[in-house]
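A short worksheet on the structure shown next.
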Amino acid sequence: MTKLRELYYCEKCGNLVEITSEGAPALVCCGIKMKRLEAKTEDAANEKHVPYLEEKDGGILVKIGQNMAHPMEEKHHIKFIEVLTKDKVCRAELRPGDAPEAWFPVKKADVVESREWCNVHGLWKS
C-alpha cells in the first residue's frame with residue numbers, strides 16, 4: 001500500500017511520482033510496477049548529496065553539498081530539492097546551471113525531512 005509522500009520511479013521511462021493520496025496497492029508505469037524509492041543518507045562519493053540546512057533570512061537555505069557544491073551539469077545535476085514539514089511539502093525544481101540550493105519560508109525546527117533527487121545517483125535525505 002502506498003503511503004503519503006513516498007516517491008516511486010519507473011525504471012523504463014524515468015517517470016517519478018510522489019504520493020499525495022495514499023492507499024493504492026501498487027503503481028504501474030509503462031506496463032511495469034514502479035519502484036518505491038528509499039533515500040540514501042550518507043555521502044560516500046566525491047559528490048555530496050545529503051541536503052544541508054542552514055537558517056537564513058527568516059527561513060532555511062538547503063544546500064546540496066555543505067562545503068563542496070554538487071555538480072549542476074546537463075549529464076549530472078539535482079532535479080529538485082524538497083522540504084517536508086508536518087503539514088506541508090515545499091519543492092524547488094532545478095536545472096543544469098542553477099546553484100544546487102533552495103531557500104524555503106519555513107522554520108528549521110518545523111522540518112521533518114529534506115530530500116533531493118540527483119538524476120544520476122537518485123534520492124537522498126537528511
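Just so we're on the same page: first chain in the C-alpha cells is A, next is B, and so on; residues restart at 1 for each chain, and ligands are numbered from 1 in the order they show up.
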
Long-range neighbours of Thr20 in chain A as a ChimeraX atom specification, 12 Å cut-off, only C-alpha atoms, 4 positions minimum in chain: /A:2-8,24,87-89

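Between Leu123 in chain A and the candidates A:Ala109, A:Leu53, A:Ile81, A:Val28, the tightest atom-to-atom separation, counting only C-alpha atoms, involves A:Ile81.
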
Can you list, as a PDB file with N, CA and C atoms, in the first residue's frame, every protein, DNA or RNA residue that comes within 10 Å of Lys63 in chain A when you count only C-alpha atoms, leaving out same-chain residues fewer than 6 positions away?
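Writing done, so here's out-v7.pdb:
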```pdb
ATOM      1  N   LYS A  48      28.738  15.419  -3.194  1.00  0.00           N
ATOM      2  CA  LYS A  48      27.953  15.392  -1.964  1.00  0.00           C
ATOM      3  C   LYS A  48      26.476  15.490  -2.324  1.00  0.00           C
ATOM      4  N   HIS A  49      25.659  14.681  -1.647  1.00  0.00           N
ATOM      5  CA  HIS A  49      24.241  14.605  -1.959  1.00  0.00           C
ATOM      6  C   HIS A  49      23.314  14.891  -0.777  1.00  0.00           C
ATOM      7  N   VAL A  50      23.760  14.635   0.442  1.00  0.00           N
ATOM      8  CA  VAL A  50      22.876  14.802   1.598  1.00  0.00           C
ATOM      9  C   VAL A  50      22.559  16.284   1.780  1.00  0.00           C
ATOM     10  N   PRO A  51      21.274  16.644   1.818  1.00  0.00           N
ATOM     11  CA  PRO A  51      20.895  18.052   1.999  1.00  0.00           C
ATOM     12  C   PRO A  51      21.410  18.609   3.328  1.00  0.00           C
ATOM     13  N   TYR A  52      21.922  19.829   3.270  1.00  0.00           N
ATOM     14  CA  TYR A  52      22.425  20.545   4.442  1.00  0.00           C
ATOM     15  C   TYR A  52      21.555  21.773   4.638  1.00  0.00           C
ATOM     16  N   LEU A  53      20.993  21.946   5.845  1.00  0.00           N
ATOM     17  CA  LEU A  53      20.091  23.057   6.124  1.00  0.00           C
ATOM     18  C   LEU A  53      20.763  24.102   7.005  1.00  0.00           C
ATOM     19  N   GLU A  54      20.557  25.360   6.634  1.00  0.00           N
ATOM     20  CA  GLU A  54      21.016  26.448   7.493  1.00  0.00           C
ATOM     21  C   GLU A  54      19.938  27.518   7.535  1.00  0.00           C
ATOM     22  N   ALA A  69      29.903  22.179  -3.537  1.00  0.00           N
ATOM     23  CA  ALA A  69      28.605  22.136  -4.228  1.00  0.00           C
ATOM     24  C   ALA A  69      28.514  20.954  -5.187  1.00  0.00           C
ATOM     25  N   HIS A  70      27.331  20.364  -5.236  1.00  0.00           N
ATOM     26  CA  HIS A  70      27.056  19.274  -6.176  1.00  0.00           C
ATOM     27  C   HIS A  70      27.144  19.798  -7.605  1.00  0.00           C
ATOM     28  N   ILE A  81      14.778  19.880  -4.948  1.00  0.00           N
ATOM     29  CA  ILE A  81      15.021  19.850  -3.509  1.00  0.00           C
ATOM     30  C   ILE A  81      13.659  20.020  -2.848  1.00  0.00           C
ATOM     31  N   ALA A  99      22.332  26.993  -9.115  1.00  0.00           N
ATOM     32  CA  ALA A  99      23.054  26.622  -7.900  1.00  0.00           C
ATOM     33  C   ALA A  99      22.322  25.444  -7.260  1.00  0.00           C
ATOM     34  N   PRO A 100      23.051  24.475  -6.687  1.00  0.00           N
ATOM     35  CA  PRO A 100      22.394  23.319  -6.066  1.00  0.00           C
ATOM     36  C   PRO A 100      21.901  23.651  -4.654  1.00  0.00           C
ATOM     37  N   GLU A 101      20.965  24.593  -4.584  1.00  0.00           N
ATOM     38  CA  GLU A 101      20.431  25.045  -3.307  1.00  0.00           C
ATOM     39  C   GLU A 101      19.067  25.685  -3.525  1.00  0.00           C
ATOM     40  N   ALA A 102      18.311  25.799  -2.427  1.00  0.00           N
ATOM     41  CA  ALA A 102      16.997  26.438  -2.499  1.00  0.00           C
ATOM     42  C   ALA A 102      16.639  26.990  -1.126  1.00  0.00           C
ATOM     43  N   TRP A 103      15.970  28.145  -1.124  1.00  0.00           N
ATOM     44  CA  TRP A 103      15.503  28.775   0.108  1.00  0.00           C
ATOM     45  C   TRP A 103      14.015  28.499   0.248  1.00  0.00           C
ATOM     46  N   GLU A 116      16.443  15.368  -1.802  1.00  0.00           N
ATOM     47  CA  GLU A 116      16.758  15.835  -3.146  1.00  0.00           C
ATOM     48  C   GLU A 116      16.892  14.655  -4.081  1.00  0.00           C
TER      49      GLU A 116
END
```

Residue set, range 4-112 of chain A restricted to strand (DSSP E), as JSON, numbers by chain: {"A": [7, 8, 9, 16, 17, 18, 28, 29, 32, 33, 35, 36, 51, 52, 53, 54, 55, 56, 59, 60, 61, 62, 63, 64, 78, 79, 80, 81, 82, 83, 84, 85, 89, 90, 91, 92, 93, 101, 102, 103, 104, 111, 112]}

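The shell of residues at most 12 Å from Asp57 in chain A, with only C-alpha atoms counted and near chain neighbours (fewer than 6 positions) removed, consists of A:Trp103, A:Phe104, A:Pro105, A:Val106, A:Lys107, A:Lys108.
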
For Ile32 in chain A, work out the shell of residues within 10 Å, counting only C-alpha atoms and skipping chain neighbours fewer than 6 positions away, then give it as a PDB file with C-alpha atoms, in the first residue's frame.
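So the final result, stored in selection30.pdb, reads:
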```pdb
ATOM      1  CA  CYS A  10       9.660   3.996 -13.427  1.00  0.00           C
ATOM      2  CA  GLU A  11      12.897   2.288 -14.454  1.00  0.00           C
ATOM      3  CA  LYS A  12      11.781   2.256 -18.101  1.00  0.00           C
TER       4      LYS A  12
END
```

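Remark: for Met68 in chain A, the closest of the candidate residues A:Arg36, A:Lys125, A:Asp43, A:Arg91 is A:Asp43 (distances computed over only C-alpha atoms).
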
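Distance check against Leu61 in chain A using only C-alpha atoms: of A:Glu82, A:Glu73, A:Glu22, A:Glu42, the minimum falls on A:Glu82.
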
Could you work out how far CA of Trp117 in chain A lies from CA of Leu37 in chain A, giving the answer in Å with one decimal? 10.5 Å

So how many Å separate CA of Arg95 in chain A and CA of Phe80 in chain A, to one decimal? 8.5 Å

If we count only C-alpha atoms and set the cut-off at 12 Å, which residues sit around Gly14 in chain A, ignoring sequence neighbours fewer than 6 positions away in its own chain? Please answer as a list of chain:residue names. A:Tyr8, A:Cys29, A:Cys30, A:Met34, A:Lys35, A:Asn119, A:Val120, A:Gly122

Atoms kept (N, CA and C atoms) for selection, written as a PDB file, in the first residue's frame:
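Below is the file selection.pdb, written as the result:
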```pdb
ATOM      1  N   TYR A   8       7.943   7.133  -6.098  1.00  0.00           N
ATOM      2  CA  TYR A   8       8.025   5.933  -6.933  1.00  0.00           C
ATOM      3  C   TYR A   8       8.643   6.303  -8.275  1.00  0.00           C
ATOM      4  N   CYS A  29       3.689   1.905 -14.414  1.00  0.00           N
ATOM      5  CA  CYS A  29       4.014   2.838 -15.491  1.00  0.00           C
ATOM      6  C   CYS A  29       4.692   2.024 -16.592  1.00  0.00           C
ATOM      7  N   CYS A  30       4.394   2.328 -17.822  1.00  0.00           N
ATOM      8  CA  CYS A  30       4.994   1.620 -18.966  1.00  0.00           C
ATOM      9  C   CYS A  30       4.764   0.114 -18.880  1.00  0.00           C
ATOM     10  N   MET A  34       6.152   0.207 -10.619  1.00  0.00           N
ATOM     11  CA  MET A  34       7.117   1.248 -10.272  1.00  0.00           C
ATOM     12  C   MET A  34       7.851   0.869  -8.991  1.00  0.00           C
ATOM     13  N   LYS A  35       9.093   1.343  -8.874  1.00  0.00           N
ATOM     14  CA  LYS A  35       9.946   1.051  -7.728  1.00  0.00           C
ATOM     15  C   LYS A  35       9.780   2.136  -6.667  1.00  0.00           C
ATOM     16  N   ASN A 119      19.856  13.259 -10.754  1.00  0.00           N
ATOM     17  CA  ASN A 119      19.479  12.483 -11.945  1.00  0.00           C
ATOM     18  C   ASN A 119      20.392  11.279 -12.168  1.00  0.00           C
ATOM     19  N   VAL A 120      21.559  11.234 -11.527  1.00  0.00           N
ATOM     20  CA  VAL A 120      22.478  10.102 -11.663  1.00  0.00           C
ATOM     21  C   VAL A 120      22.432   9.184 -10.441  1.00  0.00           C
ATOM     22  N   GLY A 122      20.159   9.309  -7.689  1.00  0.00           N
ATOM     23  CA  GLY A 122      18.876   9.045  -7.058  1.00  0.00           C
ATOM     24  C   GLY A 122      18.527   9.938  -5.877  1.00  0.00           C
TER      25      GLY A 122
END
```

Coordinates-based distance that separates CA of Gln66 in chain A from CA of Asp98 in chain A (Å, one decimal): 16.0 Å
